$ cat run21.txt   # compact mmCIF, C-alpha atoms
# COMPACT_ATOMS: atom_id res chain seq x y z
CA MET A 18 95.36 118.05 93.54
CA VAL A 19 94.66 115.05 95.76
CA GLU A 20 93.73 115.55 99.40
CA ILE A 21 95.09 112.84 101.69
CA GLY A 22 95.67 112.69 105.44
CA SER A 23 98.88 111.13 106.72
CA GLN A 24 96.95 108.22 108.25
CA GLN A 25 94.97 107.55 105.07
CA SER A 26 98.09 107.16 102.92
CA GLU A 27 98.92 103.88 104.65
CA LYS A 28 95.55 102.43 103.53
CA ILE A 29 96.28 102.69 99.79
CA ALA A 30 98.40 99.55 99.52
CA LYS A 31 97.95 96.05 100.77
CA VAL A 32 101.42 94.75 100.09
CA ASP A 33 104.10 92.80 101.91
CA VAL A 34 107.90 93.05 101.84
CA PHE A 35 109.76 89.77 101.41
CA GLN A 36 113.42 88.86 101.65
CA GLN A 37 115.27 85.98 99.99
CA GLY A 38 118.93 86.11 100.99
CA PHE A 39 120.04 89.66 100.19
CA HIS A 40 117.13 90.18 97.80
CA ARG A 41 114.07 92.12 98.95
CA GLY A 42 110.88 92.85 97.12
CA VAL A 43 107.19 93.62 97.47
CA VAL A 44 104.18 91.40 96.72
CA ALA A 45 100.50 92.28 96.55
CA THR A 46 98.39 90.92 99.42
CA ARG A 47 95.15 91.93 97.70
CA PRO A 48 94.21 92.19 94.03
CA PHE A 49 94.64 95.50 92.17
CA SER A 50 92.93 96.50 88.93
CA LYS A 51 94.64 98.20 86.01
CA GLY A 52 94.88 101.93 86.85
CA ASP A 53 94.69 101.49 90.65
CA ILE A 54 97.13 103.40 92.82
CA VAL A 55 99.04 100.65 94.61
CA CYS A 56 101.47 102.52 96.86
CA ASN A 57 103.87 105.46 96.91
CA TYR A 58 107.60 106.11 96.97
CA HIS A 59 107.99 107.90 100.23
CA GLY A 60 110.75 109.94 101.79
CA LYS A 61 112.17 113.40 102.18
CA VAL A 62 112.08 115.47 98.97
CA ILE A 63 115.50 116.99 98.24
CA THR A 64 117.17 118.52 95.19
CA ALA A 65 118.60 116.17 92.56
CA ALA A 66 122.07 117.61 93.29
CA ALA A 67 121.69 116.65 96.96
CA GLY A 68 120.52 113.17 95.87
CA ARG A 69 123.56 112.66 93.63
CA ALA A 70 125.87 113.81 96.46
CA MET A 71 124.15 111.36 98.82
CA MET A 72 124.73 108.51 96.35
CA GLN A 73 128.43 109.33 96.02
CA ASP A 74 128.80 109.11 99.79
CA MET A 75 127.38 105.57 99.86
CA HIS A 76 129.91 102.75 99.65
CA ASN A 77 128.46 99.36 98.69
CA GLU A 78 125.16 100.23 100.36
CA PRO A 79 121.80 99.85 98.69
CA GLY A 80 120.49 103.23 97.61
CA TYR A 81 116.91 104.37 97.56
CA PRO A 82 116.88 107.73 95.76
CA PHE A 83 114.11 108.39 93.24
CA PHE A 84 114.97 111.19 90.79
CA PHE A 85 112.15 113.11 89.09
CA LYS A 86 111.22 116.45 87.56
CA SER A 87 108.76 118.80 89.22
CA GLY A 88 108.13 121.52 86.68
CA PRO A 89 111.53 123.02 85.92
CA ARG A 90 113.12 121.59 89.09
CA ASP A 91 115.18 118.38 89.20
CA MET A 92 114.27 116.67 92.46
CA CYS A 93 114.92 113.47 94.40
CA ILE A 94 113.02 111.52 97.01
CA ASP A 95 115.44 110.32 99.67
CA ALA A 96 114.01 107.01 100.82
CA GLN A 97 117.46 105.99 102.08
CA THR A 98 116.98 107.83 105.36
CA PHE A 99 114.76 105.66 107.54
CA PRO A 100 112.64 106.24 109.44
CA CYS A 101 111.31 109.46 107.98
CA ASP A 102 109.84 112.25 110.10
CA CYS A 103 106.22 111.69 109.09
CA ARG A 104 106.26 107.89 109.50
CA PRO A 105 108.68 107.23 112.37
CA VAL A 106 107.57 103.62 112.95
CA ALA A 107 106.50 102.42 109.48
CA ASP A 108 108.80 101.12 106.76
CA THR A 109 107.72 102.44 103.39
CA VAL A 110 107.31 99.71 100.81
CA GLY A 111 107.77 101.78 97.64
CA ARG A 112 111.53 101.77 98.09
CA ARG A 113 111.52 97.97 98.12
CA ILE A 114 109.87 97.53 94.70
CA ASN A 115 112.20 95.77 92.26
CA HIS A 116 113.15 96.62 88.68
CA SER A 117 111.89 95.07 85.48
CA SER A 118 112.38 96.64 82.08
CA LYS A 119 110.65 93.72 80.35
CA ARG A 120 107.73 92.94 82.69
CA PRO A 121 106.87 95.96 84.84
CA ASN A 122 103.39 95.93 86.39
CA LEU A 123 103.61 99.40 87.94
CA LYS A 124 104.35 102.84 86.56
CA PRO A 125 105.52 105.76 88.72
CA LEU A 126 103.44 108.91 88.51
CA HIS A 127 104.60 112.26 89.90
CA CYS A 128 101.84 114.19 91.70
CA VAL A 129 101.57 117.13 94.02
CA ILE A 130 99.20 116.21 96.82
CA LYS A 131 97.93 118.04 99.86
CA VAL A 132 98.97 116.22 103.05
CA ASP A 133 97.56 117.66 106.25
CA GLY A 134 97.10 121.00 104.49
CA GLU A 135 100.56 121.22 102.87
CA ASP A 136 101.58 120.63 99.23
CA ARG A 137 103.94 117.69 98.85
CA ASP A 138 105.65 116.13 95.81
CA VAL A 139 105.00 112.39 95.77
CA ILE A 140 105.55 109.47 93.45
CA LEU A 141 102.51 107.18 93.26
CA PHE A 142 102.68 103.75 91.65
CA ARG A 143 99.80 102.98 89.28
CA ALA A 144 99.01 99.43 88.17
CA LEU A 145 99.73 98.89 84.46
CA GLN A 146 97.61 95.73 84.45
CA ASP A 147 95.46 93.70 86.80
CA ILE A 148 97.64 92.39 89.64
CA SER A 149 96.70 89.28 91.60
CA VAL A 150 97.56 88.32 95.18
CA ASP A 151 101.18 87.16 95.69
CA THR A 152 102.38 88.86 92.49
CA GLN A 153 105.71 90.61 92.89
CA LEU A 154 105.47 94.34 92.15
CA LYS A 155 108.00 95.74 89.68
CA PHE A 156 108.62 98.93 87.73
CA ASP A 157 111.15 100.04 85.13
CA TYR A 158 113.82 102.08 86.95
CA GLY A 159 114.72 103.74 83.65
CA VAL A 160 118.40 102.85 84.02
CA ASN A 161 120.77 100.77 81.95
CA ARG A 162 124.28 99.45 82.45
CA LYS A 163 125.87 102.71 81.28
CA SER A 164 123.78 105.00 83.48
CA PHE A 165 123.96 102.86 86.60
CA ARG A 166 126.73 103.62 89.10
CA GLY A 167 127.92 100.01 88.94
CA GLU A 168 128.94 100.22 85.29
CA GLY A 169 131.15 97.29 84.37
CA LEU A 170 129.81 95.08 87.15
CA ASP A 171 127.66 92.01 86.68
CA LEU A 172 124.25 93.70 86.68
CA GLN A 173 122.07 90.95 85.23
CA TRP A 174 119.02 92.27 87.11
CA LEU A 175 119.01 95.34 84.83
CA ASP A 176 118.23 93.11 81.85
CA GLU A 177 115.15 91.46 83.36

$ encode --input "run21.txt" --output "structure tokens"
Amino acid sequence: MVEIGSQQSEKIAKVDVFQQGFHRGVVATRPFSKGDIVCNYHGKVITAAAGRAMMQDMHNEPGYPFFFKSGPRDMCIDAQTFPCDCRPVADTVGRRINHSSKRPNLKPLHCVIKVDGEDRDVILFRALQDISVDTQLKFDYGVNRKSFRGEGLDLQWLDE
């Protein structure tokens, strides 16, 4: 188990969110070595069923749920709701990381960490390779055209 204070968690990453038109992403503002923890996917942990219900209620909005397994439980991190209770003034960058099935440089890792004395499920992003400054951060969302809620739409970004 990792021990981390709520203030320390902001010091893990040195990244910046960018926007080009409707497209957002995250770039490194310092170099990372292969195996480094770059940032986390942060939000309220809810059940996977609650996450799926939340997604069905969204109409043409970007969604930021991250589904994962914690032991036998199917869970979801709701990064859609912003700001979250523990970081009321900080945007969390993990939800802004883009997809790449062909060239990911990050891999999500589920961990249970102790935050201010309490166990918390978190998703940490580990560098798959050395990452230089100004490199866009990407991970494989693990989705394809059939599993994505926009099936039948022009989803070229899933093929990257």

$ residues_around --input "run21.txt" --residues "Arg69 of chain A" --least-positions-apart "4" --cutoff "9 Å" --atoms "all atoms listed in the file" --output "count of residues only"
6

$ atom_distance --input "run21.txt" --atom1 "atom CA of Ile148 of chain A" --atom2 "atom CA of Cys128 of chain A"
22.3 Å

$ closest_residue --input "run21.txt" --among "A:Met75, A:Asp53, A:Ser117, A:Gln97" --to "Leu141 of chain A" --atoms "all atoms listed in the file"
A:Asp53

$ residues_around --input "run21.txt" --residues "Asn115 of chain A" --least-positions-apart "3" --cutoff "8 Å" --atoms "only C-alpha atoms" --output "ChimeraX atom specification"
/A:41-43,154-156

$ residues_around --input "run21.txt" --residues "Asp151 of chain A" --least-positions-apart "3" --cutoff "10 Å" --atoms "only C-alpha atoms" --output "PyMOL selection string"
chain A and resi 32-33+43-48+148+154

$ residues_near_point --input "run21.txt" --point "(104.2, 105.8, 98.9)" --cutoff "7 Å" --atoms "all atoms listed in the file" --output "number ranges by chain"
A: 56-59, 109, 111, 140-141

$ atom_distance --input "run21.txt" --atom1 "atom CA of Asp91 of chain A" --atom2 "atom CA of Gly159 of chain A"
15.7 Å

$ atom_distance --input "run21.txt" --atom1 "atom CA of Met92 of chain A" --atom2 "atom CA of Ile63 of chain A"
5.9 Å
